[in-house]
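K.L.:
I'm passing along upload.txt; it holds compact mmCIF, C-alpha atoms.
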# COMPACT_ATOMS: atom_id res chain seq x y z
CA MET X 1 230.29 -166.72 28.61
CA ARG X 2 232.12 -166.03 25.38
CA GLY X 3 232.87 -168.55 22.69
CA SER X 4 235.64 -168.35 20.15
CA GLY X 5 235.99 -169.38 16.55
CA PRO X 6 233.65 -169.05 13.57
CA THR X 7 229.87 -168.73 13.81
CA PRO X 8 228.24 -170.52 10.85
CA LEU X 9 224.60 -169.61 11.55
CA ALA X 10 223.47 -170.14 7.95
CA GLY X 11 225.20 -173.51 7.88
CA SER X 12 223.62 -174.48 11.18
CA LEU X 13 220.14 -173.53 9.96
CA GLN X 14 220.76 -175.39 6.70
CA ALA X 15 221.66 -178.49 8.74
CA ILE X 16 218.38 -178.11 10.63
CA GLU X 17 216.51 -177.93 7.32
CA ASP X 18 218.31 -181.01 6.01
CA TYR X 19 217.45 -182.92 9.18
CA VAL X 20 213.92 -181.75 10.09
CA VAL X 21 212.23 -181.30 6.70
CA PRO X 22 212.28 -185.03 5.82
CA ILE X 23 211.04 -185.92 9.31
CA ARG X 24 208.22 -183.39 9.06
CA ALA X 25 207.30 -184.60 5.57
CA THR X 26 206.68 -188.13 6.83
CA ASP X 27 204.92 -187.09 10.05
CA ALA X 28 201.28 -188.18 9.72
CA GLN X 29 200.36 -185.73 12.51
CA ARG X 30 202.24 -182.71 11.10
CA SER X 31 199.02 -180.74 10.61
CA CYS X 32 198.43 -180.68 14.37
CA ARG X 33 202.06 -180.52 15.54
CA ASP X 34 204.28 -177.44 15.62
CA TYR X 35 207.90 -177.64 14.55
CA SER X 36 210.43 -175.18 15.93
CA VAL X 37 214.16 -174.74 16.34
CA ILE X 38 216.03 -172.74 18.96
CA LEU X 39 219.23 -171.26 17.56
CA VAL X 40 221.59 -170.51 20.46
CA THR X 41 224.59 -168.45 19.42
CA ASP X 42 227.42 -166.39 20.82
CA GLY X 43 227.64 -164.10 17.81
CA ALA X 44 226.50 -163.07 14.36
CA GLU X 45 227.14 -165.01 11.14
CA SER X 46 230.86 -165.08 10.40
CA CYS X 47 231.11 -167.61 7.57
CA ASN X 48 229.62 -165.56 4.71
CA GLY X 49 226.25 -167.34 4.77
CA ASN X 50 222.80 -165.77 4.79
CA PRO X 51 220.97 -167.03 7.87
CA VAL X 52 218.05 -164.63 7.36
CA THR X 53 217.19 -166.25 4.04
CA ILE X 54 217.35 -169.76 5.46
CA ALA X 55 215.35 -168.80 8.57
CA ARG X 56 212.67 -167.28 6.32
CA GLU X 57 212.59 -170.43 4.18
CA LEU X 58 212.29 -172.65 7.25
CA HIS X 59 209.32 -170.60 8.43
CA ASP X 60 207.55 -169.68 5.20
CA VAL X 61 208.12 -172.84 3.16
CA TYR X 62 208.34 -175.58 5.79
CA GLY X 63 206.38 -174.13 8.72
CA ILE X 64 209.33 -174.38 11.12
CA THR X 65 209.60 -171.46 13.54
CA VAL X 66 213.12 -170.25 14.33
CA TYR X 67 213.79 -168.75 17.76
CA VAL X 68 217.11 -167.04 18.46
CA ILE X 69 218.87 -166.87 21.81
CA ALA X 70 222.02 -164.77 21.71
CA VAL X 71 224.45 -165.25 24.56
CA SER X 72 226.80 -162.39 25.45
CA VAL X 73 226.87 -160.91 21.95
CA ARG X 74 228.28 -157.51 21.05
CA ALA X 75 225.84 -154.63 20.52
CA ASP X 76 226.81 -154.37 16.83
CA GLU X 77 225.65 -157.99 16.29
CA GLU X 78 222.15 -157.54 17.69
CA ALA X 79 220.48 -156.21 14.52
CA SER X 80 221.52 -159.20 12.42
CA LEU X 81 220.32 -161.63 15.11
CA ASN X 82 217.02 -159.77 15.36
CA ALA X 83 216.66 -160.10 11.58
CA ILE X 84 217.05 -163.89 11.83
CA ALA X 85 214.44 -164.06 14.62
CA ASN X 86 212.05 -161.87 12.64
CA ALA X 87 212.43 -163.87 9.41
CA GLY X 88 212.23 -167.21 11.21
CA SER X 89 208.99 -166.31 12.95
CA GLY X 90 207.17 -164.55 10.14
CA GLY X 91 207.38 -161.37 12.20
CA VAL X 92 205.66 -162.87 15.25
CA ASN X 93 208.89 -162.84 17.30
CA PRO X 94 210.68 -159.90 15.70
CA VAL X 95 213.60 -159.87 18.12
CA ALA X 96 216.09 -162.36 19.45
CA THR X 97 216.35 -163.09 23.16
CA PHE X 98 219.58 -161.61 24.48
CA VAL X 99 221.16 -163.34 27.48
CA ARG X 100 223.77 -161.32 29.34
CA ARG X 101 224.26 -163.44 32.47
CA PRO X 102 224.70 -167.23 32.72
CA GLU X 103 221.76 -167.57 35.10
CA ASP X 104 219.43 -166.07 32.47
CA LEU X 105 219.98 -168.81 29.87
CA VAL X 106 217.69 -171.46 31.38
CA PRO X 107 214.79 -169.00 31.89
CA ALA X 108 215.21 -167.83 28.27
CA LEU X 109 215.03 -171.40 26.98
CA THR X 110 212.11 -172.20 29.26
CA SER X 111 210.10 -169.20 28.07
CA ILE X 112 210.41 -170.39 24.47
CA ILE X 113 209.62 -174.02 25.25
CA GLU X 114 206.53 -173.08 27.27
Could you write out this file's structure as structure tokens?
P.N.:
Amino acid sequence: MRGSGPTPLAGSLQAIEDYVVPIRATDAQRSCRDYSVILVTDGAESCNGNPVTIARELHDVYGITVYVIAVSVRADEEASLNAIANAGSGGVNPVATFVRRPEDLVPALTSIIE
């Protein structure tokens, strides 16, 4: 499991903000409903964005928790993905979930959804 091409994590999180924030703002039940996003990636940011800042904004400003699942990433990319998970959870989930085998992806997603 290895993708190719750029990895615009900041752009992806910005798209989530652009999409979810207006929905959340008009949700009459938002005070009793959690909002979360699961960012599934095959690598660290490669498009010169700052996904940590956007993940922190999603969490701290808009109350949207960001979970990170990293699939078959290199060891040198783990720290930056952990930083996104930490910022996007307010420190509650300080590390990303790292999936090394295809059969571990569904259990990783399920553990977050539960």
K.L.:
Restricting the calculation to all atoms listed in the file: of X:Pro22, X:Pro94, X:Pro8, X:Gly43, which residue gets closest to Val71 of chain X?
P.N.:
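Closest to Val71 of chain X, using all atoms listed in the file: X:Gly43.
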K.L.:
Determine the nearest neighbour of Val73 of chain X from the options X:Ser12, X:Thr110, X:Thr97, X:Thr53, counting only C-alpha atoms.
P.N.:
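For Val73 of chain X, the nearest of the candidates is X:Thr97.
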K.L.:
I'd like the contact shell of Leu13 of chain X - 9 Å cut-off, all atoms listed in the file, skipping same-chain residues fewer than 3 positions apart - returned as a PDB file with C-alpha atoms, keeping the file's coordinate frame.
P.N.:
ATOM      1  CA  PRO X   8     228.240-170.520  10.850  1.00  0.00           C
ATOM      2  CA  LEU X   9     224.600-169.610  11.550  1.00  0.00           C
ATOM      3  CA  ALA X  10     223.470-170.140   7.950  1.00  0.00           C
ATOM      4  CA  ILE X  16     218.380-178.110  10.630  1.00  0.00           C
ATOM      5  CA  GLU X  17     216.510-177.930   7.320  1.00  0.00           C
ATOM      6  CA  ASP X  18     218.310-181.010   6.010  1.00  0.00           C
ATOM      7  CA  VAL X  37     214.160-174.740  16.340  1.00  0.00           C
ATOM      8  CA  LEU X  39     219.230-171.260  17.560  1.00  0.00           C
ATOM      9  CA  PRO X  51     220.970-167.030   7.870  1.00  0.00           C
ATOM     10  CA  ILE X  54     217.350-169.760   5.460  1.00  0.00           C
ATOM     11  CA  ALA X  55     215.350-168.800   8.570  1.00  0.00           C
ATOM     12  CA  LEU X  58     212.290-172.650   7.250  1.00  0.00           C
ATOM     13  CA  VAL X  66     213.120-170.250  14.330  1.00  0.00           C
TER      14      VAL X  66
END
K.L.:
Would you pick out the contacts of Asp60 of chain X at 12 Å or less, using all atoms listed in the file, so that residues sharing its chain but fewer than 2 positions from it are not included, and give the list as a ChimeraX atom specification?
P.N.:
/X:52-58,62-66,86-91
K.L.:
Could you tell me how far atom CA of Arg100 of chain X lies from atom CA of Asp42 of chain X, in Å and to one decimal?
P.N.:
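Rounded to one decimal, the two atoms are 10.6 Å apart.
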K.L.:
What's around Val95 of chain X at 9 Å? Count only C-alpha atoms, leave out sequence neighbours fewer than 3 positions away in its own chain, and write the answer as an NGL selection string.
P.N.:
:X and (67-68 or 78-79 or 81-86 or 91-92 or 98)
K.L.:
Just want the 10 Å neighbourhood of segment 101-103 of chain X, counted on all atoms listed in the file, with same-chain residues fewer than 2 positions away dropped. Output as an mmCIF file with C-alpha atoms, in the frame of the given file.
P.N.:
data_model
loop_
_atom_site.group_PDB
_atom_site.id
_atom_site.type_symbol
_atom_site.label_atom_id
_atom_site.label_comp_id
_atom_site.auth_asym_id
_atom_site.auth_seq_id
_atom_site.Cartn_x
_atom_site.Cartn_y
_atom_site.Cartn_z
ATOM 1 C CA MET X 1 230.290 -166.720 28.610
ATOM 2 C CA VAL X 71 224.450 -165.250 24.560
ATOM 3 C CA SER X 72 226.800 -162.390 25.450
ATOM 4 C CA PHE X 98 219.580 -161.610 24.480
ATOM 5 C CA VAL X 99 221.160 -163.340 27.480
ATOM 6 C CA LEU X 105 219.980 -168.810 29.870
ATOM 7 C CA VAL X 106 217.690 -171.460 31.380
ATOM 8 C CA PRO X 107 214.790 -169.000 31.890
ATOM 9 C CA ALA X 108 215.210 -167.830 28.270
#
K.L.:
Using all atoms listed in the file, which of X:Gly11, X:Ser111, X:Asn50, X:His59 sits nearest Asp34 of chain X?
P.N.:
X:His59
K.L.:
Atom CA of Leu109 of chain X to atom CA of Ile69 of chain X: how many Å, to one decimal?
P.N.:
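Value for the atom CA of Leu109 of chain X-atom CA of Ile69 of chain X distance: 7.9 Å.
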K.L.:
In Å to one decimal, how far is atom CA of Cys47 of chain X from atom CA of Pro6 of chain X?
P.N.:
6.7 Å
K.L.:
Show me, as JSON, the centre and edge lengths in Å to one decimal of the axis-aligned box that covers every listed atom of segment 71-86 of chain X with 4 Å on each side.
P.N.:
{"center_x": 220.2, "center_y": -159.8, "center_z": 18.5, "size_x": 24.2, "size_y": 18.9, "size_z": 21.9}
K.L.:
Which residue is closest to Tyr35 of chain X? Choose from X:Gly49, X:Ala15, X:Ile113, X:Thr7 and count only C-alpha atoms.
P.N.:
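Ranked by minimum distance to Tyr35 of chain X, first place goes to X:Ile113.
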K.L.:
How would segment 6-27 of chain X look with N, CA and C atoms restored, written as a PDB file, in the coordinates of the input?
P.N.:
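After the write, part-v1.pdb holds the following:
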ATOM      1  N   PRO X   6     234.670-169.498  14.522  1.00  0.00           N
ATOM      2  CA  PRO X   6     233.650-169.050  13.570  1.00  0.00           C
ATOM      3  C   PRO X   6     232.228-169.317  14.066  1.00  0.00           C
ATOM      4  N   THR X   7     231.288-168.597  13.465  1.00  0.00           N
ATOM      5  CA  THR X   7     229.870-168.730  13.810  1.00  0.00           C
ATOM      6  C   THR X   7     229.080-168.956  12.517  1.00  0.00           C
ATOM      7  N   PRO X   8     228.924-170.209  12.103  1.00  0.00           N
ATOM      8  CA  PRO X   8     228.240-170.520  10.850  1.00  0.00           C
ATOM      9  C   PRO X   8     226.724-170.655  11.036  1.00  0.00           C
ATOM     10  N   LEU X   9     226.043-169.550  11.285  1.00  0.00           N
ATOM     11  CA  LEU X   9     224.600-169.610  11.550  1.00  0.00           C
ATOM     12  C   LEU X   9     223.829-170.123  10.345  1.00  0.00           C
ATOM     13  N   ALA X  10     224.161-169.655   9.151  1.00  0.00           N
ATOM     14  CA  ALA X  10     223.470-170.140   7.950  1.00  0.00           C
ATOM     15  C   ALA X  10     223.688-171.639   7.779  1.00  0.00           C
ATOM     16  N   GLY X  11     224.906-172.091   7.985  1.00  0.00           N
ATOM     17  CA  GLY X  11     225.200-173.510   7.880  1.00  0.00           C
ATOM     18  C   GLY X  11     224.458-174.331   8.923  1.00  0.00           C
ATOM     19  N   SER X  12     224.353-173.781  10.121  1.00  0.00           N
ATOM     20  CA  SER X  12     223.620-174.480  11.180  1.00  0.00           C
ATOM     21  C   SER X  12     222.139-174.590  10.841  1.00  0.00           C
ATOM     22  N   LEU X  13     221.559-173.499  10.346  1.00  0.00           N
ATOM     23  CA  LEU X  13     220.140-173.530   9.960  1.00  0.00           C
ATOM     24  C   LEU X  13     219.919-174.447   8.767  1.00  0.00           C
ATOM     25  N   GLN X  14     220.873-174.484   7.847  1.00  0.00           N
ATOM     26  CA  GLN X  14     220.760-175.390   6.700  1.00  0.00           C
ATOM     27  C   GLN X  14     220.791-176.843   7.177  1.00  0.00           C
ATOM     28  N   ALA X  15     221.613-177.134   8.179  1.00  0.00           N
ATOM     29  CA  ALA X  15     221.660-178.490   8.740  1.00  0.00           C
ATOM     30  C   ALA X  15     220.329-178.847   9.386  1.00  0.00           C
ATOM     31  N   ILE X  16     219.698-177.890  10.040  1.00  0.00           N
ATOM     32  CA  ILE X  16     218.380-178.110  10.630  1.00  0.00           C
ATOM     33  C   ILE X  16     217.382-178.447   9.524  1.00  0.00           C
ATOM     34  N   GLU X  17     217.417-177.666   8.441  1.00  0.00           N
ATOM     35  CA  GLU X  17     216.510-177.930   7.320  1.00  0.00           C
ATOM     36  C   GLU X  17     216.734-179.333   6.770  1.00  0.00           C
ATOM     37  N   ASP X  18     217.989-179.686   6.555  1.00  0.00           N
ATOM     38  CA  ASP X  18     218.310-181.010   6.010  1.00  0.00           C
ATOM     39  C   ASP X  18     217.826-182.130   6.915  1.00  0.00           C
ATOM     40  N   TYR X  19     217.835-181.895   8.220  1.00  0.00           N
ATOM     41  CA  TYR X  19     217.450-182.920   9.180  1.00  0.00           C
ATOM     42  C   TYR X  19     215.931-182.962   9.408  1.00  0.00           C
ATOM     43  N   VAL X  20     215.322-181.802   9.645  1.00  0.00           N
ATOM     44  CA  VAL X  20     213.920-181.750  10.090  1.00  0.00           C
ATOM     45  C   VAL X  20     212.921-181.874   8.935  1.00  0.00           C
ATOM     46  N   VAL X  21     213.202-181.298   7.799  1.00  0.00           N
ATOM     47  CA  VAL X  21     212.230-181.300   6.700  1.00  0.00           C
ATOM     48  C   VAL X  21     211.811-182.723   6.313  1.00  0.00           C
ATOM     49  N   PRO X  22     212.728-183.670   6.141  1.00  0.00           N
ATOM     50  CA  PRO X  22     212.280-185.030   5.820  1.00  0.00           C
ATOM     51  C   PRO X  22     211.454-185.670   6.941  1.00  0.00           C
ATOM     52  N   ILE X  23     211.805-185.389   8.185  1.00  0.00           N
ATOM     53  CA  ILE X  23     211.040-185.920   9.310  1.00  0.00           C
ATOM     54  C   ILE X  23     209.630-185.350   9.285  1.00  0.00           C
ATOM     55  N   ARG X  24     209.533-184.043   9.096  1.00  0.00           N
ATOM     56  CA  ARG X  24     208.220-183.390   9.060  1.00  0.00           C
ATOM     57  C   ARG X  24     207.387-183.907   7.894  1.00  0.00           C
ATOM     58  N   ALA X  25     208.024-184.142   6.758  1.00  0.00           N
ATOM     59  CA  ALA X  25     207.300-184.600   5.570  1.00  0.00           C
ATOM     60  C   ALA X  25     206.655-185.966   5.770  1.00  0.00           C
ATOM     61  N   THR X  26     207.240-186.785   6.609  1.00  0.00           N
ATOM     62  CA  THR X  26     206.680-188.130   6.830  1.00  0.00           C
ATOM     63  C   THR X  26     205.856-188.221   8.110  1.00  0.00           C
ATOM     64  N   ASP X  27     205.677-187.114   8.799  1.00  0.00           N
ATOM     65  CA  ASP X  27     204.920-187.090  10.050  1.00  0.00           C
ATOM     66  C   ASP X  27     203.421-187.039   9.733  1.00  0.00           C
TER      67      ASP X  27
END
